[in-house]
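Everything on this sheet refers to the single structure shown next.
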Amino acid sequence: MKVILDLDTGIDDTLALVYALASEELEVIGVTGTYGNVLMETGTRNDLAILELFGHKDVPVFAGEPHAITKDSFEVLDISAFIHGRNGIGEALIPEPEGTVRDQGAVDFLIDAVRQYGEDLVIVATGPMTNLAAAIQRDATFADNATIVIMGGALTVPGNVSPWAEANINQDPEAADLVFRSGAKVTMIGLDVTLQTLLTTAETAQWQQLGTVGGDFLAEATDYYIKAYETTAPHLGGCGLHDPLAVAVAVDPSLVTCLDINMKVDCEGETRGRTIGDEEKLNDPKKSVKVAVGVDVERFLKEFMSRITKAAAQTAPRG
Ligand code: BDR
Ligand code: CA
């Protein structure tokens with residue numbers, strides 16, 4: 001299966017990218033950048049640097065939309081900088097990338113790839129859905145032919161930026177609503193499942209013990225993220241593996257149990273950013289969205305650790 005990752009990199013986006021690179025079932029044909037945890041430009045810089053660190057400088061990176069549909073600019077929220085660090089990777093320092101983003105924009109790359117590969121391609125989007133919404137608006141055939149797994153939303157649990165809204169949806173509710181209601185095949189990996197998949201320093205210590213640059217980087221960045229979770233969500237006892245779970249589901253959908261629901265996003269009033277069933281399509285026998293409500297935590301964590309550790313072990317020895 002070919003995969004495009006649409007990322008706002010971001011510490012858990014980093015783990016999602018490495019999970020994809022380490023998965024023999026997937027061929028990463030490109031990374032498209034969005035804003036969210038960081039500015040879009042910071043995210044694509046991180047993508048390029050991480051790809052080079054992990055020996056995949058051949059994977060092209062494309063710059064996406066820099067802000068939400070209804071806005072004309074974007075500023076990183078204080079809470080995002082607190083959770084991911086100002087540089088998006090927990091203040092870890094890795095070499096500046098040699099490569100640069102491609103001339104083609106992310107939205108056109110997504111459109112071309114869906115036209116070329118159809119069902120053989122899955123798009124995993126782990127930031128605001130602005131690039132996907134733009135592709136749907138620009139190309140009338142995109143929604144019918146795209147297969148998408150998103151990290152975003154919350155159906156059975158509260159949001160994480162407000163009682164209603166999860167962070168990725170909150171950044172651009174109009175874009176997420178457009179994607180959900182477009183009829184595209186979407187699997188929603190929301191807080192319902194990602195807050196069940198937790199990582200602690202007991203696991204990151206294994207990466208540190210590898211004695212490699214990749215192991216050191218992932219341990220340092222993820223420890224920063226775990227520390228932030230100790231402040232923002234101490235009841236969890238670890239950090240949420242939001243974005244890598246979305247990639248894992250693209251590899252193996254049987255990791256989650258889903259409800260078939262035609263979803264929408266509230267865009268007005270107090271509940272702005274809430275992901276909920278679309279009452280107007282309640283009786284439509286065709287359901288385009290699968291919402292994950294259960295996850296095989298043990299099996300996912302085993303896959304996660306073995307894949308990430310393998311990729312980190314293959315990077316250069318610590319200098
Ligand atoms: C999502 O928001 C971002 O901070 C994370 O990278 C993840 O994609 C979790 O709500
Ligand atoms: Ca993300």
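By order in the structure tokens, chains are A, B, ...; within a chain, residues start at 1; ligands start at 1, following the order shown.
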What's the 7 Å shell around range 208-210 of chain A, counting only C-alpha atoms, without same-chain residues fewer than 5 positions away, as a compact mmCIF listing (two decimals) with all heavy atoms, in the first residue's frame?
# COMPACT_ATOMS: atom_id res chain seq x y z
N GLY A 215 17.82 6.77 18.03
CA GLY A 215 17.31 6.37 19.34
C GLY A 215 17.37 7.53 20.32
O GLY A 215 16.41 7.79 21.06
N ASP A 216 18.50 8.25 20.31
CA ASP A 216 18.65 9.40 21.21
C ASP A 216 17.61 10.48 20.90
O ASP A 216 16.99 11.05 21.81
CB ASP A 216 20.05 10.03 21.07
CG ASP A 216 21.12 9.17 21.73
OD1 ASP A 216 20.77 8.17 22.38
OD2 ASP A 216 22.31 9.50 21.56
N ALA A 219 14.04 9.37 21.92
CA ALA A 219 13.90 9.33 23.38
C ALA A 219 13.81 10.75 23.94
O ALA A 219 12.94 11.05 24.77
CB ALA A 219 15.08 8.58 24.00
N ALA A 313 17.29 1.68 15.69
CA ALA A 313 18.52 0.88 15.77
C ALA A 313 19.33 0.98 14.48
O ALA A 313 20.56 0.84 14.50
CB ALA A 313 18.17 -0.58 16.08
Any idea what's packed within 7 Å of Tyr19 in chain A, counting only C-alpha atoms, ignoring anything in its chain fewer than 5 positions away? Could you give it as a ChimeraX atom specification?
/A:244,307-308
Write a file of the selected residues as a CSV table (one decimal), in the first residue's frame, keeping all heavy atoms.
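Saved to again-v8.csv:
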chain,number,residue,atom,x,y,z
A,244,PRO,N,0.8,8.0,15.7
A,244,PRO,CA,1.2,6.7,15.2
A,244,PRO,C,0.1,5.7,15.2
A,244,PRO,O,0.1,4.8,14.4
A,244,PRO,CB,2.3,6.3,16.2
A,244,PRO,CG,2.2,7.3,17.3
A,244,PRO,CD,1.5,8.5,16.8
A,307,ARG,N,8.5,-1.8,15.8
A,307,ARG,CA,8.8,-1.0,14.6
A,307,ARG,C,9.7,0.2,14.8
A,307,ARG,O,10.7,0.4,14.1
A,307,ARG,CB,7.5,-0.6,13.9
A,307,ARG,CG,6.8,-1.8,13.2
A,307,ARG,CD,5.4,-1.4,12.8
A,307,ARG,NE,4.6,-2.7,12.6
A,307,ARG,CZ,4.1,-3.1,11.4
A,307,ARG,NH1,4.2,-2.3,10.3
A,307,ARG,NH2,3.4,-4.2,11.3
A,308,ILE,N,9.3,1.0,15.8
A,308,ILE,CA,10.1,2.2,16.1
A,308,ILE,C,11.5,1.8,16.6
A,308,ILE,O,12.5,2.5,16.1
A,308,ILE,CB,9.4,3.1,17.2
A,308,ILE,CG1,8.0,3.4,16.7
A,308,ILE,CG2,10.2,4.3,17.5
A,308,ILE,CD1,7.8,4.6,15.8
Check the DSSP output for the backbone and give back, as a PDB file with N, CA and C atoms, in the first residue's frame, the residues of range 136-258 of chain A in strand (DSSP E or B).
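Contents of states-v4.pdb, freshly written:
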ATOM      1  N   THR A 147      -8.884   7.381  -0.071  1.00  0.00           N
ATOM      2  CA  THR A 147      -9.041   6.606   1.160  1.00  0.00           C
ATOM      3  C   THR A 147      -8.207   7.313   2.221  1.00  0.00           C
ATOM      4  N   ILE A 148      -8.859   7.697   3.308  1.00  0.00           N
ATOM      5  CA  ILE A 148      -8.219   8.596   4.281  1.00  0.00           C
ATOM      6  C   ILE A 148      -8.346   8.017   5.692  1.00  0.00           C
ATOM      7  N   VAL A 149      -7.261   8.066   6.441  1.00  0.00           N
ATOM      8  CA  VAL A 149      -7.317   7.795   7.885  1.00  0.00           C
ATOM      9  C   VAL A 149      -6.917   9.097   8.565  1.00  0.00           C
ATOM     10  N   ILE A 150      -7.765   9.594   9.454  1.00  0.00           N
ATOM     11  CA  ILE A 150      -7.395  10.832  10.149  1.00  0.00           C
ATOM     12  C   ILE A 150      -7.175  10.573  11.629  1.00  0.00           C
ATOM     13  N   MET A 151      -6.210  11.283  12.226  1.00  0.00           N
ATOM     14  CA  MET A 151      -6.183  11.411  13.680  1.00  0.00           C
ATOM     15  C   MET A 151      -6.878  12.734  13.967  1.00  0.00           C
ATOM     16  N   LYS A 185     -14.033   8.101   1.800  1.00  0.00           N
ATOM     17  CA  LYS A 185     -13.908   7.018   2.794  1.00  0.00           C
ATOM     18  C   LYS A 185     -12.929   7.494   3.875  1.00  0.00           C
ATOM     19  N   VAL A 186     -13.450   7.749   5.056  1.00  0.00           N
ATOM     20  CA  VAL A 186     -12.613   8.264   6.147  1.00  0.00           C
ATOM     21  C   VAL A 186     -12.702   7.329   7.347  1.00  0.00           C
ATOM     22  N   THR A 187     -11.564   6.991   7.932  1.00  0.00           N
ATOM     23  CA  THR A 187     -11.545   6.323   9.235  1.00  0.00           C
ATOM     24  C   THR A 187     -11.073   7.350  10.249  1.00  0.00           C
ATOM     25  N   MET A 188     -11.884   7.569  11.274  1.00  0.00           N
ATOM     26  CA  MET A 188     -11.550   8.579  12.293  1.00  0.00           C
ATOM     27  C   MET A 188     -10.923   7.904  13.510  1.00  0.00           C
ATOM     28  N   ILE A 189      -9.655   8.237  13.730  1.00  0.00           N
ATOM     29  CA  ILE A 189      -8.937   7.759  14.912  1.00  0.00           C
ATOM     30  C   ILE A 189      -8.879   8.944  15.870  1.00  0.00           C
ATOM     31  N   LEU A 198      -0.888   4.530  25.452  1.00  0.00           N
ATOM     32  CA  LEU A 198      -0.004   5.436  26.203  1.00  0.00           C
ATOM     33  C   LEU A 198       1.424   4.910  26.222  1.00  0.00           C
ATOM     34  N   LEU A 199       2.362   5.852  26.262  1.00  0.00           N
ATOM     35  CA  LEU A 199       3.774   5.488  26.343  1.00  0.00           C
ATOM     36  C   LEU A 199       4.388   6.147  27.575  1.00  0.00           C
ATOM     37  N   THR A 212      22.255   5.044  19.368  1.00  0.00           N
ATOM     38  CA  THR A 212      22.209   5.576  17.997  1.00  0.00           C
ATOM     39  C   THR A 212      21.634   6.991  18.005  1.00  0.00           C
ATOM     40  N   CYS A 239       1.983   9.432  27.774  1.00  0.00           N
ATOM     41  CA  CYS A 239       1.552  10.335  26.696  1.00  0.00           C
ATOM     42  C   CYS A 239       0.703   9.559  25.697  1.00  0.00           C
ATOM     43  N   GLY A 240      -0.234  10.272  25.078  1.00  0.00           N
ATOM     44  CA  GLY A 240      -1.101   9.639  24.079  1.00  0.00           C
ATOM     45  C   GLY A 240      -0.376   9.442  22.759  1.00  0.00           C
ATOM     46  N   VAL A 256      -8.430  -1.731  15.456  1.00  0.00           N
ATOM     47  CA  VAL A 256      -9.514  -0.967  16.087  1.00  0.00           C
ATOM     48  C   VAL A 256     -10.879  -1.545  15.720  1.00  0.00           C
ATOM     49  N   THR A 257     -11.850  -1.285  16.596  1.00  0.00           N
ATOM     50  CA  THR A 257     -13.242  -1.591  16.249  1.00  0.00           C
ATOM     51  C   THR A 257     -13.946  -0.269  15.990  1.00  0.00           C
ATOM     52  N   CYS A 258     -14.779  -0.261  14.952  1.00  0.00           N
ATOM     53  CA  CYS A 258     -15.341   1.011  14.481  1.00  0.00           C
ATOM     54  C   CYS A 258     -16.859   0.979  14.421  1.00  0.00           C
TER      55      CYS A 258
END
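Considering only C-alpha atoms and all ligand atoms, the residue among A:Glu24, A:Glu230, A:Glu166, A:Glu280 positioned nearest to ligand 1 is A:Glu166.
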Go through A:Leu48, A:Val213, A:Ala167, A:Val107 one by one, measure the shortest atom-to-atom distance of each to ligand 1 using only C-alpha atoms and all ligand atoms, and give the residue with the smallest value.
A:Ala167
Each chain A residue no farther than 10 Å from ligand 2, nearest pair in Å, only C-alpha atoms and all ligand atoms, as JSON lines:
{"residue": "A:Asp6", "atom": "CA", "partner": "ligand 2", "partner_atom_place_in_ligand_line": "1 (Ca)", "distance": 8.8}
{"residue": "A:Leu7", "atom": "CA", "partner": "ligand 2", "partner_atom_place_in_ligand_line": "1 (Ca)", "distance": 5.9}
{"residue": "A:Asp8", "atom": "CA", "partner": "ligand 2", "partner_atom_place_in_ligand_line": "1 (Ca)", "distance": 5.1}
{"residue": "A:Thr9", "atom": "CA", "partner": "ligand 2", "partner_atom_place_in_ligand_line": "1 (Ca)", "distance": 6.2}
{"residue": "A:Gly10", "atom": "CA", "partner": "ligand 2", "partner_atom_place_in_ligand_line": "1 (Ca)", "distance": 5.8}
{"residue": "A:Ile11", "atom": "CA", "partner": "ligand 2", "partner_atom_place_in_ligand_line": "1 (Ca)", "distance": 7.7}
{"residue": "A:Asp12", "atom": "CA", "partner": "ligand 2", "partner_atom_place_in_ligand_line": "1 (Ca)", "distance": 6.3}
{"residue": "A:Asp13", "atom": "CA", "partner": "ligand 2", "partner_atom_place_in_ligand_line": "1 (Ca)", "distance": 4.9}
{"residue": "A:Thr14", "atom": "CA", "partner": "ligand 2", "partner_atom_place_in_ligand_line": "1 (Ca)", "distance": 8.6}
{"residue": "A:Leu15", "atom": "CA", "partner": "ligand 2", "partner_atom_place_in_ligand_line": "1 (Ca)", "distance": 9.9}
{"residue": "A:Ala16", "atom": "CA", "partner": "ligand 2", "partner_atom_place_in_ligand_line": "1 (Ca)", "distance": 8.8}
{"residue": "A:Thr34", "atom": "CA", "partner": "ligand 2", "partner_atom_place_in_ligand_line": "1 (Ca)", "distance": 9.1}
{"residue": "A:Tyr35", "atom": "CA", "partner": "ligand 2", "partner_atom_place_in_ligand_line": "1 (Ca)", "distance": 9.1}
{"residue": "A:Gly36", "atom": "CA", "partner": "ligand 2", "partner_atom_place_in_ligand_line": "1 (Ca)", "distance": 7.3}
{"residue": "A:Asn37", "atom": "CA", "partner": "ligand 2", "partner_atom_place_in_ligand_line": "1 (Ca)", "distance": 6.6}
{"residue": "A:Val38", "atom": "CA", "partner": "ligand 2", "partner_atom_place_in_ligand_line": "1 (Ca)", "distance": 9.5}
{"residue": "A:Gly43", "atom": "CA", "partner": "ligand 2", "partner_atom_place_in_ligand_line": "1 (Ca)", "distance": 9.9}
{"residue": "A:His84", "atom": "CA", "partner": "ligand 2", "partner_atom_place_in_ligand_line": "1 (Ca)", "distance": 9.9}
{"residue": "A:Ala125", "atom": "CA", "partner": "ligand 2", "partner_atom_place_in_ligand_line": "1 (Ca)", "distance": 8.0}
{"residue": "A:Thr126", "atom": "CA", "partner": "ligand 2", "partner_atom_place_in_ligand_line": "1 (Ca)", "distance": 4.4}
{"residue": "A:Gly127", "atom": "CA", "partner": "ligand 2", "partner_atom_place_in_ligand_line": "1 (Ca)", "distance": 4.4}
{"residue": "A:Pro128", "atom": "CA", "partner": "ligand 2", "partner_atom_place_in_ligand_line": "1 (Ca)", "distance": 7.9}
{"residue": "A:Ile150", "atom": "CA", "partner": "ligand 2", "partner_atom_place_in_ligand_line": "1 (Ca)", "distance": 9.8}
{"residue": "A:Met151", "atom": "CA", "partner": "ligand 2", "partner_atom_place_in_ligand_line": "1 (Ca)", "distance": 7.4}
{"residue": "A:Gly152", "atom": "CA", "partner": "ligand 2", "partner_atom_place_in_ligand_line": "1 (Ca)", "distance": 8.6}
{"residue": "A:Ala167", "atom": "CA", "partner": "ligand 2", "partner_atom_place_in_ligand_line": "1 (Ca)", "distance": 8.6}
{"residue": "A:Asn168", "atom": "CA", "partner": "ligand 2", "partner_atom_place_in_ligand_line": "1 (Ca)", "distance": 7.1}
{"residue": "A:His242", "atom": "CA", "partner": "ligand 2", "partner_atom_place_in_ligand_line": "1 (Ca)", "distance": 7.6}
{"residue": "A:Asp243", "atom": "CA", "partner": "ligand 2", "partner_atom_place_in_ligand_line": "1 (Ca)", "distance": 5.9}
{"residue": "A:Pro244", "atom": "CA", "partner": "ligand 2", "partner_atom_place_in_ligand_line": "1 (Ca)", "distance": 9.3}
Enter the distance from atom 4 (O, counted along the ligand's line) of ligand 1 to CA of Arg272 in chain A, in Å, rounded to one decimal.
17.8 Å
Residues of range 62-249 of chain A in alpha helix (DSSP H) according to DSSP, as an MDAnalysis selection string?
chainID A and resid 78:84 106:117 130:138 142:145 167:171 173:180 191:194 201:208 213:232 242:249
Those residues you just picked out, can you put them in a file as a short mmCIF file (atom, residue, chain, number, x, y, z; two decimals), in the first residue's frame with C-alpha atoms?
data_model
loop_
_atom_site.label_atom_id
_atom_site.label_comp_id
_atom_site.auth_asym_id
_atom_site.auth_seq_id
_atom_site.Cartn_x
_atom_site.Cartn_y
_atom_site.Cartn_z
CA ASP A 78 0.99 28.45 23.74
CA ILE A 79 -0.36 25.02 24.66
CA SER A 80 1.06 23.51 21.43
CA ALA A 81 4.50 24.98 22.16
CA PHE A 82 4.27 23.63 25.70
CA ILE A 83 3.43 20.10 24.54
CA HIS A 84 5.71 19.84 21.49
CA ALA A 106 0.90 19.66 -1.22
CA VAL A 107 -2.66 19.99 -2.49
CA ASP A 108 -1.71 19.33 -6.12
CA PHE A 109 0.49 16.43 -5.06
CA LEU A 110 -2.43 14.88 -3.13
CA ILE A 111 -4.74 15.32 -6.13
CA ASP A 112 -2.24 13.79 -8.60
CA ALA A 113 -1.52 10.85 -6.28
CA VAL A 114 -5.20 9.98 -5.78
CA ARG A 115 -5.75 10.16 -9.56
CA GLN A 116 -2.75 7.93 -10.20
CA TYR A 117 -3.07 5.33 -7.44
CA THR A 130 -7.04 22.06 5.52
CA ASN A 131 -4.98 20.39 2.76
CA LEU A 132 -7.56 17.62 2.31
CA ALA A 133 -10.42 20.11 2.19
CA ALA A 134 -8.56 22.14 -0.44
CA ALA A 135 -7.99 19.00 -2.55
CA ILE A 136 -11.70 18.15 -2.35
CA GLN A 137 -12.63 21.67 -3.42
CA ARG A 138 -10.07 21.79 -6.24
CA PHE A 142 -10.93 13.51 -5.22
CA ALA A 143 -13.53 12.64 -2.56
CA ASP A 144 -14.88 9.64 -4.50
CA ASN A 145 -11.45 8.11 -4.96
CA ALA A 167 -6.94 19.91 18.72
CA ASN A 168 -6.72 18.98 15.02
CA ILE A 169 -10.43 19.57 14.40
CA ASN A 170 -10.35 22.75 16.49
CA GLN A 171 -7.72 24.33 14.22
CA PRO A 173 -13.56 22.92 11.91
CA GLU A 174 -14.81 24.00 8.46
CA ALA A 175 -12.15 21.89 6.73
CA ALA A 176 -12.89 18.81 8.85
CA ASP A 177 -16.64 19.22 8.26
CA LEU A 178 -16.06 19.47 4.51
CA VAL A 179 -13.95 16.27 4.55
CA PHE A 180 -16.47 14.30 6.63
CA LEU A 191 -9.26 10.62 21.37
CA ASP A 192 -11.69 7.73 22.05
CA VAL A 193 -8.87 5.36 21.15
CA THR A 194 -5.66 7.39 21.13
CA THR A 201 9.72 6.63 29.99
CA ALA A 202 10.16 2.88 30.58
CA GLU A 203 9.74 2.46 26.80
CA THR A 204 11.74 5.52 25.67
CA ALA A 205 14.67 4.29 27.80
CA GLN A 206 14.92 1.33 25.39
CA TRP A 207 15.55 3.76 22.51
CA GLN A 208 18.18 5.63 24.51
CA VAL A 213 21.38 9.12 16.85
CA GLY A 214 17.84 8.06 15.97
CA GLY A 215 17.31 6.37 19.34
CA ASP A 216 18.65 9.40 21.21
CA PHE A 217 16.48 11.80 19.21
CA LEU A 218 13.25 9.85 19.66
CA ALA A 219 13.90 9.33 23.38
CA GLU A 220 14.67 13.02 23.98
CA ALA A 221 11.68 14.33 22.01
CA THR A 222 9.23 11.78 23.44
CA ASP A 223 10.42 12.35 27.02
CA TYR A 224 9.62 16.06 26.52
CA TYR A 225 6.12 15.07 25.36
CA ILE A 226 5.64 12.66 28.28
CA LYS A 227 6.67 15.42 30.72
CA ALA A 228 4.12 17.80 29.20
CA TYR A 229 1.42 15.15 29.64
CA GLU A 230 2.36 14.85 33.32
CA THR A 231 1.16 18.47 33.63
CA THR A 232 -1.77 18.56 31.22
CA HIS A 242 -2.34 9.78 18.77
CA ASP A 243 -0.69 10.05 15.37
CA PRO A 244 1.20 6.72 15.24
CA LEU A 245 -2.06 4.90 15.98
CA ALA A 246 -3.54 6.37 12.79
CA VAL A 247 -0.60 5.00 10.76
CA ALA A 248 -0.89 1.63 12.51
CA VAL A 249 -4.56 1.44 11.52
#
Applying 12 Å and only C-alpha atoms, which residues near Arg102 in chain A remain after dropping the ones on its own chain fewer than 5 positions away? List them as a compact mmCIF listing (two decimals) with C-alpha atoms, in the first residue's frame.
# COMPACT_ATOMS: atom_id res chain seq x y z
CA GLY A 30 5.39 11.70 0.09
CA VAL A 31 4.89 13.84 3.14
CA THR A 32 2.64 16.90 2.93
CA GLY A 33 3.00 19.65 5.48
CA THR A 44 8.21 20.54 6.79
CA LEU A 48 12.98 16.72 5.95
CA ASP A 58 14.42 10.10 -1.15
CA VAL A 59 10.90 10.71 0.24
CA PRO A 60 9.62 14.05 -1.14
CA VAL A 61 8.13 16.71 1.16
CA PHE A 62 5.51 19.22 -0.04
CA ALA A 63 4.44 22.51 1.54
CA GLY A 64 0.73 22.75 2.29
CA ASP A 108 -1.71 19.33 -6.12
CA PHE A 109 0.49 16.43 -5.06
With distances taken over only C-alpha atoms, which of A:Leu282, A:Leu195, A:Ala292, A:Leu121 is nearest to Gly238 in chain A?
A:Leu195
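Going from CA of Asp278 in chain A to CA of Lys264 in chain A covers 5.2 Å.
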To one decimal in Å, tell me the separation between CA of Ala312 in chain A and atom 3 (C, counted along the ligand's line) of ligand 1.
22.5 Å
